[in-house]
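S.K.: Here you go, this is final.txt (compact mmCIF, C-alpha atoms).
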```
# COMPACT_ATOMS: atom_id res chain seq x y z
CA MET A 27 97.12 184.26 143.65
CA SER A 28 99.46 186.93 144.70
CA SER A 29 99.78 190.03 142.78
CA THR A 30 102.61 192.50 142.59
CA GLY A 31 101.47 195.60 140.97
CA ASP A 32 99.87 194.85 137.62
CA ARG A 33 101.72 191.43 137.08
CA THR A 34 99.76 188.21 137.69
CA GLU A 35 101.73 185.00 138.24
CA PRO A 36 100.22 181.75 137.01
CA ALA A 37 99.01 179.26 139.61
CA PRO A 38 101.40 176.36 140.30
CA THR A 39 100.44 173.05 138.44
CA SER A 40 101.17 169.40 139.37
CA PRO A 41 104.41 168.00 137.83
CA PRO A 42 104.04 165.79 134.66
CA PRO A 43 104.11 161.98 135.28
CA ASP A 44 107.61 160.32 135.32
CA PRO A 45 107.73 157.91 132.34
CA THR A 46 110.27 155.66 134.13
CA SER A 47 108.19 155.24 137.21
CA TYR A 48 106.38 151.85 137.72
CA ASP A 49 103.75 153.59 139.52
CA ALA A 50 103.19 155.88 136.61
CA ALA A 51 99.66 155.54 135.43
CA GLY A 52 98.05 156.60 132.18
CA PRO A 53 97.88 155.73 128.49
CA GLY A 54 101.68 155.30 128.01
CA ARG A 55 101.86 152.01 129.95
CA VAL A 56 98.96 150.45 128.11
CA HIS A 57 100.56 151.40 124.80
CA ARG A 58 103.86 149.65 125.71
CA LEU A 59 102.17 146.39 126.83
CA GLY A 60 100.05 146.35 123.67
CA SER A 61 103.15 146.68 121.46
CA ALA A 62 104.89 143.76 123.22
CA ALA A 63 101.87 141.48 122.91
CA THR A 64 101.45 142.34 119.27
CA GLY A 65 105.07 141.52 118.65
CA VAL A 66 104.76 138.13 120.35
CA LEU A 67 101.55 137.41 118.45
CA ALA A 68 103.23 138.30 115.18
CA VAL A 69 106.08 135.90 115.91
CA VAL A 70 103.62 133.15 116.83
CA VAL A 71 101.61 133.74 113.64
CA LEU A 72 104.77 133.63 111.51
CA ALA A 73 105.86 130.42 113.20
CA LEU A 74 102.47 128.82 112.63
CA VAL A 75 102.51 129.91 108.99
CA ALA A 76 105.88 128.20 108.64
CA VAL A 77 104.58 125.02 110.30
CA VAL A 78 101.46 124.91 108.11
CA ALA A 79 103.57 125.56 104.99
CA ALA A 80 105.95 122.75 105.93
CA GLU A 81 103.07 120.38 106.53
CA GLY A 82 101.54 121.35 103.18
CA TRP A 83 104.82 120.68 101.40
CA TYR A 84 105.14 117.28 103.08
CA LEU A 85 101.61 116.26 102.21
CA TRP A 86 101.28 117.58 98.63
CA LEU A 87 104.50 118.89 97.14
CA ARG A 88 107.18 116.45 98.31
CA PRO A 89 108.54 114.34 95.44
CA GLY A 90 107.49 110.69 95.56
CA PRO A 91 109.83 107.70 95.60
CA VAL A 92 111.66 106.81 92.40
CA VAL A 93 112.25 103.35 90.92
CA SER A 94 115.52 101.81 92.13
CA SER A 95 117.01 98.38 92.60
CA ASN A 96 115.77 98.41 96.21
CA ARG A 97 112.30 99.58 95.20
CA PRO A 98 111.54 98.41 91.66
CA VAL A 99 107.84 99.03 92.22
CA VAL A 100 106.85 102.38 93.73
CA THR A 101 103.13 102.22 93.13
CA GLY A 102 100.43 100.25 94.87
CA ALA A 103 99.84 96.62 93.96
CA ILE A 104 96.49 97.38 92.33
CA ALA A 105 97.98 100.09 90.12
CA SER A 106 100.86 97.90 88.95
CA GLN A 107 98.53 94.96 88.33
CA ALA A 108 96.25 97.18 86.25
CA ALA A 109 99.23 98.31 84.17
CA VAL A 110 100.38 94.71 83.65
CA ALA A 111 96.84 93.79 82.60
CA ALA A 112 96.96 96.61 80.03
CA ALA A 113 100.33 95.31 78.80
CA ARG A 114 98.89 91.82 78.42
CA GLN A 115 95.90 93.09 76.46
CA ASP A 116 98.01 95.34 74.23
CA ALA A 117 100.54 92.59 73.49
CA GLU A 118 97.82 90.18 72.38
CA ALA A 119 96.37 92.88 70.12
CA ILE A 120 99.73 93.93 68.66
CA PHE A 121 101.07 90.41 68.06
CA SER A 122 97.85 88.99 66.58
CA THR A 123 97.78 89.82 62.87
CA SER A 124 95.98 88.64 59.75
CA TRP A 125 96.65 89.12 56.06
CA ARG A 126 92.93 89.90 55.61
CA ASP A 127 93.02 93.18 57.52
CA TYR A 128 96.73 93.86 57.82
CA ASP A 129 96.56 97.60 57.13
CA ALA A 130 93.53 98.16 59.32
CA HIS A 131 95.20 96.18 62.11
CA THR A 132 98.33 98.33 61.85
CA ALA A 133 96.22 101.49 62.04
CA GLN A 134 94.32 100.18 65.03
CA VAL A 135 97.22 98.93 67.15
CA THR A 136 99.32 102.04 66.61
CA THR A 137 96.67 103.91 68.63
CA LEU A 138 97.91 101.86 71.59
CA MET A 139 101.45 103.19 71.14
CA THR A 140 103.38 106.37 71.76
CA PRO A 141 103.95 108.38 68.55
CA THR A 142 107.65 107.42 68.48
CA PHE A 143 107.02 103.72 68.87
CA ALA A 144 104.09 103.85 66.43
CA THR A 145 106.43 105.25 63.77
CA ARG A 146 108.87 102.39 64.31
CA TYR A 147 106.07 99.84 64.29
CA ARG A 148 104.61 101.18 61.02
CA ALA A 149 108.02 100.95 59.39
CA GLN A 150 108.46 97.36 60.56
CA ALA A 151 104.92 96.42 59.53
CA ALA A 152 105.49 97.93 56.09
CA GLY A 153 108.59 95.78 55.67
CA LEU A 154 106.68 92.58 56.47
CA ARG A 155 103.51 93.46 54.57
CA SER A 156 104.22 91.81 51.24
CA ALA A 157 105.34 88.51 52.82
CA VAL A 158 102.28 88.41 55.09
CA LEU A 159 99.91 89.03 52.19
CA GLN A 160 101.70 86.65 49.84
CA ASP A 161 101.73 83.77 52.35
CA ARG A 162 98.32 84.65 53.79
CA VAL A 163 99.77 84.63 57.26
CA ILE A 164 97.51 84.65 60.31
CA THR A 165 99.08 84.90 63.75
CA GLN A 166 97.12 84.41 66.94
CA THR A 167 98.86 85.41 70.12
CA ARG A 168 98.08 84.62 73.73
CA VAL A 169 99.94 85.82 76.80
CA ARG A 170 100.65 82.84 79.05
CA GLU A 171 102.18 84.70 81.98
CA ALA A 172 102.73 88.34 82.89
CA GLY A 173 104.68 90.01 85.67
CA VAL A 174 105.81 93.48 86.67
CA VAL A 175 109.51 94.30 86.38
CA THR A 176 109.38 97.97 87.41
CA ALA A 177 106.50 100.34 88.06
CA SER A 178 106.08 103.99 88.89
CA PRO A 179 103.03 106.23 88.52
CA GLU A 180 104.37 107.33 85.09
CA ALA A 181 105.98 104.20 83.61
CA VAL A 182 105.73 100.43 83.87
CA THR A 183 107.88 97.62 82.47
CA ALA A 184 106.15 94.26 82.16
CA LEU A 185 107.59 90.84 81.32
CA LEU A 186 105.28 88.64 79.26
CA PHE A 187 105.50 85.02 78.16
CA VAL A 188 103.87 85.06 74.74
CA ASP A 189 102.65 82.13 72.62
CA SER A 190 102.02 82.85 68.93
CA TYR A 191 100.33 80.30 66.67
CA THR A 192 100.81 80.96 62.95
CA THR A 193 99.11 79.64 59.82
CA ARG A 194 100.26 80.16 56.24
CA HIS A 195 97.78 79.57 53.44
CA GLY A 196 95.60 77.93 56.07
CA SER A 197 98.22 75.37 57.08
CA SER A 198 99.86 75.30 60.45
CA GLY A 199 103.03 77.30 60.60
CA GLY A 200 103.84 76.27 64.12
CA LEU A 201 103.92 77.66 67.62
CA ALA A 202 106.45 80.27 68.65
CA THR A 203 107.08 80.79 72.35
CA ARG A 204 108.68 84.08 73.18
CA ARG A 205 109.58 86.37 76.04
CA ALA A 206 108.58 89.99 75.59
CA LEU A 207 109.45 93.05 77.62
CA LEU A 208 106.90 95.84 77.24
CA SER A 209 107.49 99.39 78.38
CA LEU A 210 104.40 101.50 78.94
CA VAL A 211 104.01 105.17 79.79
CA ARG A 212 101.09 106.89 81.43
CA ASN A 213 98.61 108.59 79.13
CA GLY A 214 95.85 110.24 81.10
CA SER A 215 94.06 107.45 82.91
CA GLY A 216 95.51 104.77 80.61
CA TRP A 217 98.80 103.55 79.21
CA LEU A 218 100.61 103.66 75.87
CA VAL A 219 103.19 101.14 74.68
CA ALA A 220 106.53 102.89 74.34
CA ASP A 221 108.75 99.92 73.48
CA VAL A 222 108.69 96.18 72.94
CA THR A 223 111.68 93.84 73.06
CA THR A 224 111.31 90.13 72.33
CA ARG A 225 113.86 87.37 72.83
CA LEU B 12 94.42 136.81 117.20
CA VAL B 13 91.74 135.08 115.12
CA ALA B 14 94.32 134.30 112.44
CA ALA B 15 96.63 132.83 115.07
CA VAL B 16 93.88 130.58 116.41
CA LEU B 17 92.95 129.43 112.89
CA LEU B 18 96.58 128.73 112.05
CA ALA B 19 97.00 126.81 115.28
CA VAL B 20 94.01 124.62 114.42
CA LEU B 21 95.36 124.10 110.89
CA SER B 22 98.79 123.14 112.17
CA VAL B 23 97.32 120.58 114.56
CA LEU B 24 95.18 119.07 111.81
CA GLY B 25 98.15 119.15 109.46
CA GLY B 26 100.25 117.41 112.06
CA LEU B 27 97.74 114.59 112.30
CA LEU B 28 97.67 114.23 108.51
CA VAL B 29 101.49 114.23 108.36
CA HIS B 30 101.63 111.53 111.02
CA ARG B 31 99.16 109.38 109.13
CA ALA B 32 100.94 109.97 105.81
CA GLY B 33 104.22 108.95 107.40
CA ALA B 34 102.73 105.71 108.70
CA ASP B 35 101.19 104.97 105.29
CA GLU B 36 104.52 105.65 103.60
CA ALA B 37 106.35 103.31 105.96
CA ARG B 38 103.86 100.54 105.17
CA SER B 39 104.18 101.22 101.43
CA ARG B 40 107.95 101.12 101.66
CA VAL B 41 107.85 97.67 103.25
CA GLN B 42 105.50 96.39 100.54
CA GLN B 43 107.57 97.90 97.75
CA GLU B 44 110.87 96.59 99.09
CA ARG B 45 109.26 93.16 99.15
CA TYR B 46 109.19 93.24 95.32
CA ALA B 47 112.97 93.71 95.29
CA ALA B 48 113.45 90.86 97.77
CA VAL B 49 111.39 88.31 95.81
CA LEU B 50 112.93 89.34 92.49
CA SER B 51 116.41 88.95 93.96
CA ALA B 52 115.63 85.52 95.41
CA ALA B 53 113.96 84.31 92.21
CA ARG B 54 116.81 85.54 90.01
CA ALA B 55 119.40 83.83 92.24
CA GLU B 56 117.51 80.54 92.22
CA ALA B 57 116.92 80.62 88.45
CA ASP B 58 120.60 81.43 87.90
CA ALA B 59 121.62 78.43 89.98
CA PHE B 60 119.12 76.24 88.11
CA VAL B 61 120.49 77.09 84.63
CA ASN B 62 124.14 76.70 85.64
CA LEU B 63 124.78 73.00 86.28
CA ARG B 64 127.73 70.88 85.17
CA TYR B 65 128.04 67.12 85.29
CA ASP B 66 131.61 67.42 86.67
CA ARG B 67 130.60 69.84 89.45
CA ALA B 68 127.09 68.53 89.97
CA GLY B 69 127.24 68.41 93.75
CA GLU B 70 128.29 72.04 94.03
CA GLY B 71 125.63 73.21 91.57
CA LEU B 72 122.84 71.19 93.16
CA ARG B 73 123.78 72.42 96.62
CA ARG B 74 123.46 75.96 95.30
CA VAL B 75 119.98 75.21 93.98
CA GLY B 76 119.01 73.49 97.21
CA ALA B 77 120.21 76.40 99.33
CA GLY B 78 117.50 78.63 97.88
CA ALA B 79 114.75 76.01 97.93
CA THR B 80 112.12 74.73 100.33
CA GLY B 81 109.29 72.22 100.39
CA SER B 82 108.89 69.72 97.55
CA PHE B 83 111.33 71.59 95.35
CA ALA B 84 114.04 71.34 98.00
CA HIS B 85 113.16 67.69 98.44
CA LYS B 86 113.75 67.07 94.74
CA TYR B 87 117.13 68.73 94.84
CA GLY B 88 117.96 67.43 98.29
CA ALA B 89 116.83 63.83 98.67
CA GLY B 90 116.35 63.53 94.90
CA ALA B 91 119.61 65.14 93.98
CA ALA B 92 121.34 61.81 93.43
CA GLN B 93 119.07 61.07 90.47
CA VAL B 94 119.60 64.55 88.98
CA ARG B 95 123.34 64.19 89.55
CA SER B 96 123.51 60.81 87.85
CA THR B 97 121.49 62.10 84.87
CA LEU B 98 123.86 65.04 84.47
CA ARG B 99 126.89 62.73 84.62
CA ALA B 100 125.42 60.13 82.31
CA ASN B 101 124.74 62.76 79.64
CA HIS B 102 127.86 64.85 80.28
CA SER B 103 125.50 67.78 80.54
CA VAL B 104 126.80 71.31 80.89
CA LEU B 105 124.22 74.04 81.32
CA THR B 106 125.38 77.63 81.36
CA GLY B 107 123.07 80.59 81.48
CA SER B 108 122.00 83.84 82.98
CA VAL B 109 118.79 85.59 83.90
CA LEU B 110 117.58 87.96 81.21
CA TRP B 111 114.43 89.38 82.79
CA ALA B 112 112.29 88.70 85.86
CA GLY B 113 108.85 90.01 86.76
CA VAL B 114 106.59 89.62 89.79
CA VAL B 115 103.24 88.00 89.04
CA SER B 116 101.96 88.29 92.60
CA VAL B 117 103.31 88.95 96.08
CA ASP B 118 101.98 89.23 99.61
CA ASN B 119 103.48 88.96 103.11
CA ASP B 120 104.38 85.27 102.83
CA THR B 121 104.12 84.08 99.22
CA ALA B 122 105.11 85.25 95.76
CA SER B 123 105.11 84.14 92.14
CA VAL B 124 107.82 85.34 89.78
CA ILE B 125 108.41 84.63 86.09
CA VAL B 126 111.98 84.53 84.86
CA ALA B 127 113.37 84.58 81.32
CA THR B 128 116.82 83.04 80.95
CA THR B 129 119.30 82.74 78.14
CA GLY B 130 122.22 80.40 77.77
CA THR B 131 123.50 77.17 76.27
CA VAL B 132 123.47 73.45 76.88
CA SER B 133 125.88 70.82 75.70
CA ASN B 134 125.50 67.07 76.26
CA LYS B 135 125.87 63.77 74.47
CA ARG B 136 122.75 64.49 72.43
CA THR B 137 124.28 67.70 71.01
CA GLY B 138 127.55 65.95 70.37
CA GLY B 139 129.23 68.11 72.93
CA ARG B 140 128.38 71.28 71.01
CA GLU B 141 126.90 74.25 72.81
CA VAL B 142 123.35 74.82 71.69
CA ALA B 143 121.40 77.94 72.59
CA ARG B 144 118.75 77.40 75.22
CA THR B 145 116.21 79.95 76.39
CA TYR B 146 113.81 79.15 79.18
CA ARG B 147 110.57 80.58 80.53
CA LEU B 148 110.39 79.74 84.20
CA ARG B 149 107.75 80.33 86.83
CA LEU B 150 108.90 80.23 90.45
CA ASP B 151 106.66 80.14 93.49
CA LEU B 152 108.34 81.44 96.63
CA VAL B 153 107.51 81.44 100.32
CA GLN B 154 109.03 83.41 103.15
CA ARG B 155 110.77 81.36 105.83
CA ASP B 156 112.52 83.07 108.74
CA GLY B 157 112.98 86.28 106.79
CA ARG B 158 114.26 84.56 103.63
CA TRP B 159 112.42 84.04 100.37
CA LEU B 160 112.82 80.43 99.25
CA THR B 161 111.61 78.70 96.10
CA SER B 162 108.94 76.09 96.72
CA SER B 163 108.24 75.36 93.05
CA LEU B 164 109.99 75.90 89.72
CA VAL B 165 108.28 74.97 86.46
CA PHE B 166 108.96 75.54 82.79
CA VAL B 167 106.25 77.56 81.06
CA GLY B 168 105.48 76.05 77.68
```
Could you render the structure as structure tokens?
M.R.:
Amino acid sequence: MSSTGDRTEPAPTSPPPDPTSYDAAGPGRVHRLGSAATGVLAVVVLALVAVVAAEGWYLWLRPGPVVSSNRPVVTGAIASQAAVAAARQDAEAIFSTSWRDYDAHTAQVTTLMTPTFATRYRAQAAGLRSAVLQDRVITQTRVREAGVVTASPEAVTALLFVDSYTTRHGSSGGLATRRALLSLVRNGSGWLVADVTTR
Amino acid sequence: LVAAVLLAVLSVLGGLLVHRAGADEARSRVQQERYAAVLSAARAEADAFVNLRYDRAGEGLRRVGAGATGSFAHKYGAGAAQVRSTLRANHSVLTGSVLWAGVVSVDNDTASVIVATTGTVSNKRTGGREVARTYRLRLDLVQRDGRWLTSSLVFVG
């Protein structure tokens, strides 16, 4: 340290590091590399989130196939067969009637139907009631054949060949052979009859 | 970094599940399209069967035979002369259409389909008048060289 009179000059210090120099050492370089890696990692994470989301959509949220002329049945064979079996059972119950318990039968079979169809059925049953009671009509119905026309997880249409044997006042009223188309809709783990057409 | 590793594992597992779901869906699609194929074949055969005229018997019977195989084809092939002569002798005219058809069972090679038809018949017995005729048919089909052919056709009741 040199002194000139009473003034003291500060000792010279080393120059600050050049931030543009490759050879520059110190905390600045580490900070820049850390920022770049974090950015890449963020992009990778976002991309993986997108991939996982897409996979999740494909596996659980994608809409299933719909019934069409090329694919009239879009459920498994077991599911459609179970629905046709339900249609067979319901048809035999609905089309088998007796004058002895006509009202109770109507109340019971309407539990197999959607509310809309049940209303129609009750109206039709009410119209036939007096004739059935007067003639003491008993109808026993058996499904000869059943097949699936269309099937989806929510709705099934089944074709049934139905034989109905009728007695009036205990005497044979004859055998009626019919074709019936039953439409069923899913109700929880079971099915409800939504419509019946016979020809 | 931990999140990235977890997501990577999830995406690989998800990819495997997607691949398996895709294979399952392809198999299901084949099975489901089979229903359409057998229904189409059964409807065509039933339509041919309920549309026969004594004055165009050969044409009608050839149409039935084209969709048939086995004993059923034999009846409408080798046995067609007898069917043809019966149609001509009675001046029979059958006209009809398929109302409904449903699959009873189906697998890779065989199927059973029930068909409801509607239509009319006129012959000497009806005095030439058209009388309504509805049929309940059961067809058994087999797959031959990529085509579904009817091996049996019976009236139900």
S.K.: Compile a residue-level contact table for chain B against chain A at a cut-off of 7 Å, reporting for every qualifying residue the shortest atom pair and its distance in Å to one decimal, with all atoms listed in the file counted, rows ordered by chain and ascending number, as CSV.
M.R.:
```
residue,atom,partner,partner_atom,distance
B:Ala15,CA,A:Val71,CA,5.3
B:Leu18,CA,A:Leu74,CA,5.9
B:Ala19,CA,A:Leu74,CA,6.4
B:Leu21,CA,A:Val78,CA,6.8
B:Ser22,CA,A:Val78,CA,5.2
B:Gly25,CA,A:Glu81,CA,5.9
B:Gly26,CA,A:Glu81,CA,6.9
B:Val29,CA,A:Leu85,CA,6.5
B:Gln43,CA,A:Arg97,CA,5.6
B:Glu44,CA,A:Arg97,CA,5.1
B:Tyr46,CA,A:Val99,CA,6.7
B:Ala47,CA,A:Asn96,CA,5.5
B:Ala112,CA,A:Val175,CA,6.3
B:Gly113,CA,A:Gly173,CA,4.3
B:Val114,CA,A:Gly173,CA,4.6
B:Val115,CA,A:Gly173,CA,4.2
B:Val124,CA,A:Gly173,CA,7.0
B:Ile125,CA,A:Gly173,CA,6.6
B:Ala127,CA,A:Arg205,CA,6.7
```
S.K.: Just the residues within 8 Å of Gly78 in chain B, please, counting only C-alpha atoms, with nothing from its chain fewer than 3 positions along; format it as a PyMOL selection string.
M.R.: chain B and resi 52+55-56+74-75+159-161
S.K.: Do you have the CA of Gln166 in chain A-CA of Ser209 in chain A distance handy?
M.R.: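 About the pair CA of Gln166 in chain A and CA of Ser209 in chain A: they are 21.5 Å apart.
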S.K.: Quick one: residues within 10 Å of Ala84 in chain B, all atoms listed in the file, excluding same-chain residues fewer than 4 positions away - as an MDAnalysis selection string?
M.R.: chainID B and resid 73 75:80 88:91 160:163
S.K.: What does the distance between CA of Asp35 in chain B and CA of Asp151 in chain B come to in Å, to one decimal place?
M.R.: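 About the pair CA of Asp35 in chain B and CA of Asp151 in chain B: they are 28.0 Å apart.
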S.K.: What gap, in Å, lies between CA of Ala111 in chain A and CA of Leu208 in chain A?
M.R.: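 Going from CA of Ala111 in chain A over to CA of Leu208 in chain A covers 11.6 Å.
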S.K.: Taking all atoms of range 159-163 of chain B that appear in the file, build a box with edges along x, y and z, extend it by 4 Å on every side, and state its centre and edge lengths in Å to one decimal, as JSON.
M.R.:
```
{"center_x": 110.5, "center_y": 79.7, "center_z": 96.7, "size_x": 12.6, "size_y": 16.7, "size_z": 15.3}
```
